[in-house]
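Okay, coords.txt is below, compact mmCIF, C-alpha atoms:
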```txt
# COMPACT_ATOMS: atom_id res chain seq x y z
CA MET A 1 0.00 0.00 0.00
CA LYS A 2 1.26 3.48 -0.85
CA LYS A 3 1.93 5.72 2.15
CA VAL A 4 1.93 9.47 2.69
CA ALA A 5 3.52 10.76 5.90
CA VAL A 6 2.45 13.95 7.70
CA VAL A 7 5.58 14.92 9.62
CA ASP A 8 5.14 15.42 13.38
CA TYR A 9 8.20 17.25 14.69
CA GLY A 10 6.33 19.05 17.46
CA MET A 11 5.18 22.11 15.47
CA GLY A 12 2.15 22.46 13.22
CA ASN A 13 -1.56 21.93 12.99
CA LEU A 14 -1.07 18.17 12.73
CA ARG A 15 -4.56 16.95 13.51
CA SER A 16 -6.41 19.06 10.94
CA VAL A 17 -3.77 18.47 8.24
CA THR A 18 -3.77 14.72 8.85
CA GLN A 19 -7.56 14.52 8.88
CA ALA A 20 -7.77 16.47 5.62
CA VAL A 21 -5.24 14.20 3.89
CA MET A 22 -6.98 11.10 5.26
CA HIS A 23 -10.29 12.39 3.93
CA VAL A 24 -9.03 12.78 0.35
CA ALA A 25 -7.11 9.48 0.54
CA GLU A 26 -10.17 7.47 1.52
CA GLY A 27 -10.87 4.75 -1.02
CA THR A 28 -7.70 5.44 -3.04
CA GLY A 29 -5.48 2.74 -1.54
CA VAL A 30 -3.18 5.37 -0.01
CA GLU A 31 -2.40 5.01 3.71
CA VAL A 32 -1.92 8.25 5.65
CA VAL A 33 0.58 8.09 8.53
CA TRP A 34 0.91 10.65 11.32
CA ALA A 35 4.70 10.25 11.30
CA ARG A 36 6.28 10.53 14.74
CA THR A 37 9.57 8.81 13.85
CA PRO A 38 12.14 9.42 11.10
CA GLN A 39 11.65 5.85 9.86
CA GLU A 40 7.96 6.49 9.19
CA VAL A 41 8.97 9.43 7.01
CA MET A 42 11.63 7.35 5.24
CA ASP A 43 9.12 4.55 4.57
CA ALA A 44 6.52 6.86 3.00
CA GLU A 45 6.13 7.34 -0.75
CA ARG A 46 5.39 11.05 -0.28
CA VAL A 47 5.56 13.55 2.58
CA VAL A 48 3.57 16.54 3.90
CA LEU A 49 5.56 19.05 6.00
CA PRO A 50 3.27 21.32 8.04
CA GLY A 51 4.43 24.18 10.24
CA GLN A 52 2.99 26.65 12.70
CA GLY A 53 4.49 29.17 15.10
CA GLY A 54 7.89 30.84 15.09
CA MET A 55 10.47 29.94 12.46
CA ARG A 56 13.32 29.51 14.93
CA ASP A 57 11.18 27.18 17.05
CA CYS A 58 10.19 25.15 13.99
CA MET A 59 13.78 24.76 12.79
CA ARG A 60 14.99 23.84 16.28
CA GLU A 61 12.27 21.23 16.74
CA LEU A 62 12.91 19.75 13.31
CA HIS A 63 16.51 19.10 14.37
CA ASP A 64 15.78 18.10 17.99
CA SER A 65 13.05 15.66 16.94
CA GLY A 66 15.49 13.77 14.71
CA MET A 67 13.31 14.47 11.65
CA PHE A 68 15.75 16.76 9.82
CA ASP A 69 17.62 14.09 7.84
CA ALA A 70 14.41 12.24 6.93
CA VAL A 71 12.80 15.44 5.64
CA MET A 72 15.91 16.36 3.65
CA HIS A 73 15.96 12.86 2.16
CA ALA A 74 12.29 13.21 1.21
CA ALA A 75 12.97 16.59 -0.42
CA ALA A 76 15.64 14.96 -2.58
CA HIS A 77 13.83 11.75 -3.52
CA LYS A 78 10.02 11.90 -3.26
CA PRO A 79 7.06 14.28 -3.61
CA LEU A 80 7.01 16.73 -0.69
CA MET A 81 4.34 19.31 0.12
CA GLY A 82 5.04 22.14 2.57
CA VAL A 83 2.21 24.01 4.32
CA CYS A 84 2.34 27.46 5.98
CA VAL A 85 5.61 27.71 7.95
CA GLY A 86 6.39 24.33 6.38
CA MET A 87 6.58 26.27 3.10
CA GLN A 88 8.70 29.06 4.54
CA MET A 89 11.16 26.53 5.95
CA LEU A 90 12.04 25.43 2.42
CA LEU A 91 13.76 28.71 1.58
CA ASP A 92 17.27 29.84 2.54
CA HIS A 93 16.64 32.28 5.34
CA SER A 94 13.93 34.00 7.38
CA GLU A 95 13.95 37.52 8.77
CA GLU A 96 12.16 36.12 11.80
CA LEU A 97 14.93 36.14 14.43
CA ASN A 98 17.48 35.92 11.59
CA THR A 99 16.90 32.18 11.17
CA PRO A 100 18.64 29.93 8.61
CA CYS A 101 16.16 27.60 6.89
CA LEU A 102 16.48 24.42 4.81
CA GLY A 103 17.87 25.99 1.64
CA LEU A 104 15.85 23.79 -0.73
CA ILE A 105 14.44 26.68 -2.78
CA PRO A 106 16.54 29.85 -3.16
CA GLY A 107 15.02 32.90 -1.51
CA GLU A 108 14.10 34.47 1.78
CA VAL A 109 11.16 34.93 4.13
CA VAL A 110 10.33 38.54 4.99
CA LYS A 111 7.83 40.28 7.26
CA PHE A 112 4.92 42.32 5.97
CA ASP A 113 5.64 46.05 6.08
CA LEU A 114 2.22 47.60 5.50
CA ALA A 115 2.35 50.58 7.86
CA GLY A 116 0.29 53.48 6.53
CA GLN A 117 -1.39 51.45 3.78
CA LEU A 118 -5.17 51.26 3.64
CA GLN A 119 -7.45 48.65 2.14
CA ALA A 120 -10.14 49.50 -0.39
CA ASP A 121 -12.70 49.99 2.39
CA GLY A 122 -10.42 52.46 4.18
CA SER A 123 -9.35 50.07 6.95
CA ARG A 124 -5.73 49.39 7.79
CA PHE A 125 -3.96 46.23 6.72
CA LYS A 126 -3.58 44.05 9.80
CA VAL A 127 -0.58 41.85 10.51
CA PRO A 128 -0.84 38.95 10.83
CA GLN A 129 -3.04 38.56 7.81
CA MET A 130 -5.99 36.34 8.72
CA GLY A 131 -8.63 35.53 6.15
CA TRP A 132 -9.48 34.49 2.61
CA ASN A 133 -7.45 35.65 -0.39
CA ARG A 134 -7.72 34.92 -4.09
CA VAL A 135 -4.75 32.98 -5.45
CA TRP A 136 -3.51 33.48 -8.98
CA GLN A 137 -1.76 30.43 -10.36
CA SER A 138 1.45 30.88 -12.32
CA GLY A 139 0.47 29.91 -15.84
CA GLY A 140 -3.22 30.60 -15.22
CA GLN A 141 -5.44 27.82 -16.55
CA ASP A 142 -2.95 26.70 -19.20
CA ALA A 143 -2.28 23.09 -18.23
CA ALA A 144 0.99 23.15 -20.18
CA THR A 145 2.52 25.89 -18.00
CA ARG A 146 0.84 25.82 -14.58
CA HIS A 147 1.81 23.41 -11.83
CA PRO A 148 0.00 20.03 -11.99
CA VAL A 149 -0.89 20.07 -8.26
CA TRP A 150 -3.38 22.85 -9.07
CA GLY A 151 -5.28 20.24 -11.10
CA ASP A 152 -8.80 21.45 -11.83
CA VAL A 153 -8.76 24.17 -9.13
CA PRO A 154 -9.93 27.35 -10.90
CA ASP A 155 -7.48 30.21 -11.21
CA GLY A 156 -8.39 32.96 -8.76
CA SER A 157 -9.90 30.59 -6.17
CA TYR A 158 -9.98 31.66 -2.51
CA PHE A 159 -7.76 30.08 0.15
CA TYR A 160 -7.37 30.74 3.86
CA PHE A 161 -4.27 32.53 5.21
CA VAL A 162 -2.83 33.18 8.68
CA HIS A 163 0.68 34.67 8.59
CA SER A 164 2.92 37.65 9.32
CA TYR A 165 5.79 36.66 7.01
CA TYR A 166 5.80 35.71 3.34
CA ALA A 167 8.13 33.97 0.90
CA ARG A 168 10.25 35.86 -1.61
CA PRO A 169 11.85 33.28 -3.93
CA SER A 170 14.98 34.42 -5.76
CA ASP A 171 13.88 32.87 -9.05
CA ALA A 172 10.42 33.76 -10.36
CA ARG A 173 10.21 30.31 -11.94
CA HIS A 174 9.83 28.85 -8.44
CA SER A 175 6.67 30.84 -7.78
CA ALA A 176 3.63 28.64 -8.45
CA GLY A 177 1.01 31.11 -7.26
CA GLU A 178 0.56 34.68 -6.04
CA THR A 179 -1.91 36.69 -4.00
CA ASP A 180 -2.40 40.30 -2.91
CA TYR A 181 -2.33 41.70 0.60
CA GLY A 182 -1.02 45.23 0.44
CA GLN A 183 1.31 43.98 -2.28
CA ARG A 184 1.64 41.04 -4.64
CA PHE A 185 3.64 38.14 -3.23
CA SER A 186 4.27 34.44 -3.80
CA CYS A 187 1.96 32.20 -1.81
CA ALA A 188 2.83 28.92 -3.53
CA ILE A 189 6.32 27.79 -4.49
CA ALA A 190 7.58 24.75 -6.34
CA ARG A 191 10.74 23.11 -7.63
CA ASP A 192 11.10 19.64 -9.11
CA ASN A 193 9.41 17.25 -6.61
CA ILE A 194 8.51 19.99 -4.10
CA PHE A 195 5.25 21.96 -3.94
CA ALA A 196 4.29 24.23 -1.04
CA THR A 197 1.67 26.77 -0.02
CA GLN A 198 1.58 29.66 2.44
CA PHE A 199 -2.18 29.23 2.87
CA HIS A 200 -3.79 26.34 4.71
CA PRO A 201 -5.42 23.86 2.30
CA GLU A 202 -7.00 22.02 5.25
CA LYS A 203 -8.86 25.24 6.17
CA SER A 204 -9.74 26.19 2.60
CA ALA A 205 -12.85 24.09 1.94
CA GLU A 206 -13.17 22.08 -1.27
CA HIS A 207 -10.39 23.81 -3.24
CA GLY A 208 -7.95 23.13 -0.42
CA LEU A 209 -8.93 19.48 -0.25
CA ALA A 210 -8.48 19.30 -4.02
CA LEU A 211 -4.85 20.35 -3.62
CA TYR A 212 -4.17 17.56 -1.14
CA ARG A 213 -5.97 15.12 -3.43
CA ASN A 214 -3.91 16.24 -6.42
CA PHE A 215 -0.70 15.96 -4.40
CA LEU A 216 -1.46 12.32 -3.58
CA HIS A 217 -1.52 11.50 -7.29
CA TRP A 218 1.21 13.86 -8.52
CA ASN A 219 4.14 12.15 -10.23
CA PRO A 220 6.93 14.74 -10.69
```
Will you turn the file into structure tokens for me?
Amino acid sequence: MKKVAVVDYGMGNLRSVTQAVMHVAEGTGVEVVWARTPQEVMDAERVVLPGQGGMRDCMRELHDSGMFDAVMHAAAHKPLMGVCVGMQMLLDHSEELNTPCLGLIPGEVVKFDLAGQLQADGSRFKVPQMGWNRVWQSGGQDAATRHPVWGDVPDGSYFYFVHSYYARPSDARHSAGETDYGQRFSCAIARDNIFATQFHPEKSAEHGLALYRNFLHWNP
């Protein structure tokens, strides 16, 4: 039986992510594992890396839990999906407490600087951003150019965000989707066998579940 591991390294919304992946895997022959050991990650065919909280805490726990090597092996050899801080961890560096990250996708994580900017209704932009944003897929609805994990999710669909920092990949080709919150920024990044989102698919209703479903069947 094929296995997908949701990595438990002590940080992240593990229960909701795992339940969402289990829901879309039902009846497909894919077993979903709440992975608490490096071996469970190594044994899986594909891996989901969630994250929640401070970047320095997430990076420390990834090392202290013993999961670091297993996650790096997954990033080199099998489909891996990062979620929220799990996406930010994939880049080189975060401004949050000047924290080195995994260096899997070139770029940095920076904090929103929206002081003095007003939204269309005259209200201030709040940080952290919490709410629903439209996501514009790189390549639009052209199946030949957009990332296959988008599948049949319509361009411009809404997804749920909670974050104070955002990804700034060095190479625009690694941006798989963008959104607007005071400025345009990358909210989905991808390279080779890696796909990741700043938003929470597990909190984003049917379009979010569709992303997890597409990830289970993606063959990079």
Give the answer as one residue: which of A:Val109, A:Leu211, A:Ile194, A:Leu118 has the shortest atom-to-atom distance to His163 (chain A), using all atoms listed in the file?
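Counting all atoms listed in the file, the residue closest to His163 (chain A) is A:Val109.
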Please work out which residues fall within 12 Å of (-11.0, 31.0, -1.4), coordinates as given in the file, with all atoms listed in the file counting, and return them as an MDAnalysis selection string.
-> chainID A and resid 131:136 153:161 179 199:209
query = CA of Arg60 (chain A) and CA of Asn13 (chain A) are how many Å apart?
reply =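 CA of Asn13 (chain A) lies at a distance of 17.0 Å from CA of Arg60 (chain A).
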Using all atoms listed in the file, which residues sit within 10 Å of Leu90 (chain A) once same-chain residues fewer than 2 positions away are excluded, as an mmCIF file with C-alpha atoms, in the frame of the given file?
```
data_model
loop_
_atom_site.group_PDB
_atom_site.id
_atom_site.type_symbol
_atom_site.label_atom_id
_atom_site.label_comp_id
_atom_site.auth_asym_id
_atom_site.auth_seq_id
_atom_site.Cartn_x
_atom_site.Cartn_y
_atom_site.Cartn_z
ATOM 1 C CA LEU A 49 5.560 19.050 6.000
ATOM 2 C CA MET A 72 15.910 16.360 3.650
ATOM 3 C CA ALA A 75 12.970 16.590 -0.420
ATOM 4 C CA GLY A 82 5.040 22.140 2.570
ATOM 5 C CA VAL A 85 5.610 27.710 7.950
ATOM 6 C CA GLY A 86 6.390 24.330 6.380
ATOM 7 C CA MET A 87 6.580 26.270 3.100
ATOM 8 C CA GLN A 88 8.700 29.060 4.540
ATOM 9 C CA ASP A 92 17.270 29.840 2.540
ATOM 10 C CA HIS A 93 16.640 32.280 5.340
ATOM 11 C CA CYS A 101 16.160 27.600 6.890
ATOM 12 C CA LEU A 102 16.480 24.420 4.810
ATOM 13 C CA GLY A 103 17.870 25.990 1.640
ATOM 14 C CA LEU A 104 15.850 23.790 -0.730
ATOM 15 C CA ILE A 105 14.440 26.680 -2.780
ATOM 16 C CA PRO A 106 16.540 29.850 -3.160
ATOM 17 C CA GLY A 107 15.020 32.900 -1.510
ATOM 18 C CA GLU A 108 14.100 34.470 1.780
ATOM 19 C CA VAL A 109 11.160 34.930 4.130
ATOM 20 C CA ALA A 167 8.130 33.970 0.900
ATOM 21 C CA ILE A 189 6.320 27.790 -4.490
ATOM 22 C CA ALA A 190 7.580 24.750 -6.340
ATOM 23 C CA ILE A 194 8.510 19.990 -4.100
ATOM 24 C CA PHE A 195 5.250 21.960 -3.940
ATOM 25 C CA ALA A 196 4.290 24.230 -1.040
#
```
For the atom pair CA of Val127 (chain A) and CA of Ser164 (chain A), what is the interatomic distance in Å to one decimal place?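 Going from CA of Val127 (chain A) over to CA of Ser164 (chain A), I get 5.6 Å.
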request  = Could you tell me how far CA of His77 (chain A) lies from CA of Asp192 (chain A), in Å and to one decimal?
outcome  =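 So the two atoms, CA of His77 (chain A) and CA of Asp192 (chain A), lie 10.0 Å apart.
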Closest of A:Met59, A:Met130, A:Ala35, A:Val149 to Pro100 (chain A), counting all atoms listed in the file, is A:Met59
- request: Anything within 8 Å of (11.4, 22.3, 12.7): list those residues as a PyMOL selection string, counting all atoms listed in the file and sticking to the file's coordinates.
  value: chain A and resi 9-11+51+55-63+68+89
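Distances here use all atoms listed in the file; by that measure, the residue among A:Gln137, A:Val33, A:Leu97, A:Gln39 closest to His174 (chain A) is A:Gln137.
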Counting only C-alpha atoms, the residue of A:Met42, A:Ser16, A:Thr145, A:Met1 that sits nearest Val30 (chain A) |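 Among the listed residues, the smallest separation from Val30 (chain A) belongs to A:Met1.
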